[in-house]
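Here's the structure, in C-alpha cells; my notes come after.
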Amino acid sequence: MIRARERLLLSLRHREPDRVPLDLGSTQVTGISVPAYISFRRWLGMPSGRVSISDGIQQLAAPDEDLLCRLGVDTRGLWARTSHSWPFRDTDDGRYLSHRDEWGLTYQRDKEASLWYDLVVHPLAGGDLSSDLIASHNWPFGGDPSRFRNLREKATAFRKAGYAVVMKSVCAGLLEMAIRLRGMEAFLTDLLLNRKEAEALIDRILQVKIEFWERGLSEVGDLVDIIAEGDDYGTQQSQLVSPAMFKDIFKPRQAELIDFVKKRAPHAYFFFHSCGNVRPLLPDFIEIGIDIVNPVQTSAPGMAASQLKQDFGTDLVFWGGGVDTQEILPRGNPEQVRDDVRRRLDILAPGGGFVFCTIHNIQADVPPENIIAMYETLEEFGRY
C-alpha cells in the first residue's frame, strides 16, 4: 500500500500513483474557513466544538486530524509563527476587533458582520516613498527563533506518520506585501514613477523572507518536502504588472529567493501561489525553478485546464484547480459539483503532476453537501 508521502512525491515527479493526492489546510491558500469547517463536520456527524485557527486574518480553520484522516489528506502543514498565525491581541471598541501586526499593518473585523479581517491601515502610505521612510520602518525579523518553536517535533511526527510535509512562508509575496505597506494605488504608481525606491522596498521585504528561510530550513529543512511561497501577479482578466515589468523587477528577485531556498533544501519542491491569469508568466516561473503552481484559477482567460496541461504539464505540477470555487462550489448543486470535479480529474490527473484541492480556500458560504460531493467524486474517480 502506498503511503501518503510516497503518493504525493510520485505525482510531483509526474508519475501516476494509486490515486490523485489530496491537500487540505497545509497552507494559507489551500484551507477552509471556520464557518464552512464547522458545518462540514456537523454534516459528517463529527464533533464540532472548539475550532483551532491556522490563519487569523482569513479566519481559516486548522483541520483536525480526525477529519484529515477520514478524507485521506496526504499533506500536513508546518505553520511557523507569523503575523497571521501568532495569537492576536485585539483591541475591541464594541463593534470592531482591530489587530496591528508585526509589519505595522492594522486589520479590522466587524464582530457581527465580518467573516475575516480587512486591512485598514497601510503604515507606509501618504507622501513619497523614500529611503528614509523605508529605513525608519519597524521591520520584523524573519529569523526570530520563536517563530520555529516546536516545529521540528511536528515535522518529525508528520514524517514518521508517512505524510508529505509542507512549510509556508513568513508573509505574502513581494508585490503583495509592498502593496499592503503602501496601498495599491501608491505602490503601483511607485513602480512607474519612483522605481528606485519601489525596488528598495521590495528588497527589504525579500530580506525578511531570506532571514525566515535561512533559520527555518536550518531547523527543519531536512524534513520538509514542499516549500510554499507566492505572489499574486494575476487578475481575473490579465496581470497586476505587465509581463515586461515582472521580468525586469520581480523575476530576478524571485529567482534569488528560490535559489537561496533550493540550496538549503535541494530535495524539496518549490510551490508558488499566484492567483488569476498568470499564463504569460508561466515560462518565467519554470525558468526560475518553480515546480508547482497554485491555485490554477481556471476561470481566468488563458487558464483553461486542458490548455495548461497540454502546454505546461511536463514542467509544472498543478496543485489546485480541482473545482471552481467562484460559482459552482458555493452556488451550484451537488450534481454540478460532481460534474465539475470529474471533468477536472479527466484533464489534470493523467500522467501525474496533479494534487487535488479547490481553487483557493473553501469559503464560508459553501454548503456542506457540496463539499461532500467534491470529496466523494475525488474518491470515486480519482484513482489511476
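Letters A, B, ... go to the chains of the C-alpha cells in the order shown; residues in each chain start at 1; ligands are counted from 1 in the same order.
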Can you pull out every residue within 6 Å of segment 268-280 of chain A, counting only C-alpha atoms, but drop anything in the same chain fewer than 6 positions away, and send it as a list in words?
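My list of contacting residues is Asp225, Ile226, Ile227, Ala228, Glu229, Gly230, Asp231, Asp232, Tyr233, Gly234, Thr235, Gln236, Ser238, Ile290, Asp291, Ile292, Val293, Asn294, Gln297 and Ala300 of chain A.
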Kindly export the residues of the current selection with N, CA and C atoms, as a PDB file, in the first residue's frame.
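Now in out.pdb:
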```pdb
ATOM      1  N   ASP A 225       9.150  18.579   2.545  1.00  0.00           N
ATOM      2  CA  ASP A 225       9.038  18.095   1.168  1.00  0.00           C
ATOM      3  C   ASP A 225       8.649  19.192   0.190  1.00  0.00           C
ATOM      4  N   ILE A 226       7.838  20.147   0.655  1.00  0.00           N
ATOM      5  CA  ILE A 226       7.346  21.220  -0.215  1.00  0.00           C
ATOM      6  C   ILE A 226       7.521  22.542   0.504  1.00  0.00           C
ATOM      7  N   ILE A 227       8.123  23.495  -0.175  1.00  0.00           N
ATOM      8  CA  ILE A 227       8.323  24.844   0.354  1.00  0.00           C
ATOM      9  C   ILE A 227       7.360  25.772  -0.387  1.00  0.00           C
ATOM     10  N   ALA A 228       6.494  26.444   0.363  1.00  0.00           N
ATOM     11  CA  ALA A 228       5.407  27.222  -0.238  1.00  0.00           C
ATOM     12  C   ALA A 228       5.666  28.720  -0.133  1.00  0.00           C
ATOM     13  N   GLU A 229       5.717  29.350  -1.281  1.00  0.00           N
ATOM     14  CA  GLU A 229       5.822  30.799  -1.400  1.00  0.00           C
ATOM     15  C   GLU A 229       4.726  31.274  -2.345  1.00  0.00           C
ATOM     16  N   GLY A 230       4.731  32.545  -2.686  1.00  0.00           N
ATOM     17  CA  GLY A 230       3.750  33.042  -3.635  1.00  0.00           C
ATOM     18  C   GLY A 230       3.817  34.539  -3.792  1.00  0.00           C
ATOM     19  N   ASP A 231       3.093  35.031  -4.772  1.00  0.00           N
ATOM     20  CA  ASP A 231       2.917  36.456  -5.006  1.00  0.00           C
ATOM     21  C   ASP A 231       1.827  36.584  -6.052  1.00  0.00           C
ATOM     22  N   ASP A 232       0.802  37.339  -5.774  1.00  0.00           N
ATOM     23  CA  ASP A 232      -0.332  37.422  -6.690  1.00  0.00           C
ATOM     24  C   ASP A 232      -0.039  38.406  -7.818  1.00  0.00           C
ATOM     25  N   TYR A 233       0.246  37.862  -8.986  1.00  0.00           N
ATOM     26  CA  TYR A 233       0.516  38.699 -10.153  1.00  0.00           C
ATOM     27  C   TYR A 233      -0.665  38.774 -11.115  1.00  0.00           C
ATOM     28  N   GLY A 234      -1.637  37.897 -10.971  1.00  0.00           N
ATOM     29  CA  GLY A 234      -2.745  37.847 -11.911  1.00  0.00           C
ATOM     30  C   GLY A 234      -4.003  38.506 -11.385  1.00  0.00           C
ATOM     31  N   THR A 235      -4.837  38.953 -12.306  1.00  0.00           N
ATOM     32  CA  THR A 235      -6.187  39.402 -12.008  1.00  0.00           C
ATOM     33  C   THR A 235      -7.163  38.449 -12.703  1.00  0.00           C
ATOM     34  N   GLN A 236      -8.436  38.715 -12.568  1.00  0.00           N
ATOM     35  CA  GLN A 236      -9.422  37.876 -13.253  1.00  0.00           C
ATOM     36  C   GLN A 236      -9.273  37.961 -14.771  1.00  0.00           C
ATOM     37  N   SER A 238      -6.213  39.812 -16.517  1.00  0.00           N
ATOM     38  CA  SER A 238      -4.843  39.855 -17.032  1.00  0.00           C
ATOM     39  C   SER A 238      -3.842  39.788 -15.888  1.00  0.00           C
ATOM     40  N   ILE A 290      10.434  27.227 -10.284  1.00  0.00           N
ATOM     41  CA  ILE A 290       9.152  26.898  -9.658  1.00  0.00           C
ATOM     42  C   ILE A 290       8.707  25.532 -10.166  1.00  0.00           C
ATOM     43  N   ASP A 291       8.385  24.640  -9.239  1.00  0.00           N
ATOM     44  CA  ASP A 291       7.972  23.278  -9.575  1.00  0.00           C
ATOM     45  C   ASP A 291       6.463  23.108  -9.608  1.00  0.00           C
ATOM     46  N   ILE A 292       5.773  23.878  -8.750  1.00  0.00           N
ATOM     47  CA  ILE A 292       4.340  23.678  -8.503  1.00  0.00           C
ATOM     48  C   ILE A 292       3.645  25.028  -8.595  1.00  0.00           C
ATOM     49  N   VAL A 293       2.519  25.093  -9.314  1.00  0.00           N
ATOM     50  CA  VAL A 293       1.725  26.313  -9.354  1.00  0.00           C
ATOM     51  C   VAL A 293       0.379  26.075  -8.674  1.00  0.00           C
ATOM     52  N   ASN A 294      -0.111  27.114  -8.049  1.00  0.00           N
ATOM     53  CA  ASN A 294      -1.367  27.112  -7.310  1.00  0.00           C
ATOM     54  C   ASN A 294      -1.921  28.536  -7.395  1.00  0.00           C
ATOM     55  N   GLN A 297      -6.261  29.047 -11.347  1.00  0.00           N
ATOM     56  CA  GLN A 297      -7.558  29.733 -11.442  1.00  0.00           C
ATOM     57  C   GLN A 297      -8.096  29.630 -12.858  1.00  0.00           C
ATOM     58  N   ALA A 300     -10.077  32.282 -15.190  1.00  0.00           N
ATOM     59  CA  ALA A 300      -9.455  33.457 -15.801  1.00  0.00           C
ATOM     60  C   ALA A 300      -9.092  33.166 -17.251  1.00  0.00           C
TER      61      ALA A 300
END
```
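Of the residues in segment 249-367 of chain A, those given strand (DSSP E or B) by DSSP on the backbone are Tyr269, Phe270, Phe271, Phe272, His273, Ile292, Val293, Asn294, Val317, Phe318, Trp319, Phe354, Val355, Phe356 and Ile362 of chain A.
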Can you spit out the residues from that selection as a CSV table (one decimal), in the first residue's frame, using C-alpha atoms?
```csv
chain,number,residue,atom,x,y,z
A,269,TYR,CA,9.8,21.0,-4.3
A,270,PHE,CA,9.0,24.7,-4.7
A,271,PHE,CA,5.3,25.6,-4.6
A,272,PHE,CA,4.3,29.0,-5.8
A,273,HIS,CA,0.8,30.6,-5.4
A,292,ILE,CA,4.3,23.7,-8.5
A,293,VAL,CA,1.7,26.3,-9.4
A,294,ASN,CA,-1.4,27.1,-7.3
A,317,VAL,CA,2.7,20.4,-11.2
A,318,PHE,CA,-0.8,21.8,-10.8
A,319,TRP,CA,-1.8,22.0,-7.1
A,354,PHE,CA,-1.7,17.0,-10.1
A,355,VAL,CA,-2.5,17.5,-6.4
A,356,PHE,CA,-6.2,17.9,-5.7
A,362,ILE,CA,-13.2,26.9,0.7
```
Spatial neighbours of Arg343 of chain A, max dist 12 Å, only C-alpha atoms, sep filter under 3 positions, as a PyMOL selection string:
chain A and resi 304-306+321-324+336-340+346-350+374+377-378+381-382
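For the pair atom CA of Ala61 of chain A and atom CA of Leu115 of chain A, the interatomic distance is 12.2 Å.
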Write down as an NGL selection string the residues belonging to segment 89-141 of chain A that are assigned helix (DSSP H, G or I) by DSSP computed on the backbone.
:A and (131-136)
Exercise: Ser11 of chain A partners within 7 Å, only C-alpha atoms, chain neighbours under 6 positions left out, as an NGL selection string:
:A and (17 or 352-354)
Would you please work out which residue, of A:Ala364, A:Ala172, A:Arg13, A:Ala200, is nearest to Ala135 of chain A when using only C-alpha atoms?
A:Ala200
Nearby residues (only C-alpha atoms) at most 9 Å from Val261 of chain A, same-chain spacing under 2 positions excluded, as a PDB file with C-alpha atoms, in the first residue's frame:
```
ATOM      1  CA  ILE A 210      15.556  35.232   3.347  1.00  0.00           C
ATOM      2  CA  TRP A 213      14.092  30.606   5.301  1.00  0.00           C
ATOM      3  CA  GLU A 214      17.683  30.706   6.495  1.00  0.00           C
ATOM      4  CA  LEU A 217      15.417  25.476   6.895  1.00  0.00           C
ATOM      5  CA  ILE A 227       8.323  24.844   0.354  1.00  0.00           C
ATOM      6  CA  GLU A 256      17.226  34.841  -5.873  1.00  0.00           C
ATOM      7  CA  LEU A 257      14.770  33.614  -3.250  1.00  0.00           C
ATOM      8  CA  ILE A 258      14.207  30.271  -4.968  1.00  0.00           C
ATOM      9  CA  ASP A 259      17.938  29.724  -5.432  1.00  0.00           C
ATOM     10  CA  LYS A 263      20.498  25.391  -1.997  1.00  0.00           C
ATOM     11  CA  ARG A 264      19.399  24.741   1.593  1.00  0.00           C
ATOM     12  CA  ALA A 265      16.733  22.156   0.779  1.00  0.00           C
ATOM     13  CA  PRO A 266      17.698  20.703  -2.620  1.00  0.00           C
ATOM     14  CA  ALA A 268      12.257  19.935  -1.675  1.00  0.00           C
ATOM     15  CA  PHE A 270       9.011  24.741  -4.695  1.00  0.00           C
TER      16      PHE A 270
END
```
Point out the residue among A:Tyr384, A:Met184, A:His360, A:Leu151 with the least atom-to-atom distance to Gln58 of chain A, counting only C-alpha atoms.
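Smallest distance to Gln58 of chain A is found for A:His360.
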Nearest to Thr75 of chain A by atom-to-atom distance, counting only C-alpha atoms, from A:Arg19, A:Arg149, A:His122, A:Arg7
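Closest to Thr75 of chain A of all the choices is A:Arg7.
Nearest residue to Lys251 of chain A among A:Leu316, A:Leu188, A:Ser48, A:Ile286 is A:Ile286, counting only C-alpha atoms.
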State, in Å with one decimal place, the distance from atom CA of Leu67 of chain A to atom CA of Ile38 of chain A.
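Atom-to-atom, atom CA of Leu67 of chain A to atom CA of Ile38 of chain A, that is 11.3 Å.
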Using only C-alpha atoms, which of A:Pro368, A:Asp315, A:Gly351, A:Gly94 sits nearest Leu329 of chain A?
A:Pro368
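Once Asn150 of chain A and its same-chain neighbours fewer than 3 positions away are set aside, Leu78, Trp79, Ala80, Arg81, Pro145, Ser146, Arg147, Glu153, Lys154, Ala155, Thr156, Ala157, Gly216, Glu219 and Val220 of chain A remain within 12 Å of it when counting only C-alpha atoms.
Of the residues listed (A:Arg89, A:Arg215, A:Arg331, A:His267), A:Arg215 shows the shortest atom-to-atom separation from Gly142 of chain A; distances use only C-alpha atoms.
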Polymer residues at most 10 Å from Leu133 of chain A, only C-alpha atoms, same-chain spacing of 6 or more positions, as a PyMOL selection string
chain A and resi 124+127+197+201
Using N, CA and C atoms, can you write the selected residues to a file as a short mmCIF file (atom, residue, chain, number, x, y, z; two decimals), in the first residue's frame?
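Output file out_21.cif is given in full below:
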```cif
data_model
loop_
_atom_site.label_atom_id
_atom_site.label_comp_id
_atom_site.auth_asym_id
_atom_site.auth_seq_id
_atom_site.Cartn_x
_atom_site.Cartn_y
_atom_site.Cartn_z
N LEU A 124 3.04 52.66 5.47
CA LEU A 124 3.92 53.50 4.66
C LEU A 124 3.15 54.34 3.65
N GLY A 127 2.38 60.48 1.08
CA GLY A 127 3.64 61.09 0.69
C GLY A 127 4.46 60.20 -0.23
N GLU A 197 13.14 53.59 -5.41
CA GLU A 197 12.66 53.37 -4.04
C GLU A 197 11.68 52.19 -3.99
N LEU A 201 12.09 48.97 -1.51
CA LEU A 201 11.06 48.42 -0.63
C LEU A 201 10.92 46.91 -0.87
#
```
So the first atom is atom CA of Leu71 of chain A and the second is atom CA of Phe158 of chain A; what is the distance between them in Å, to one decimal place?
16.5 Å
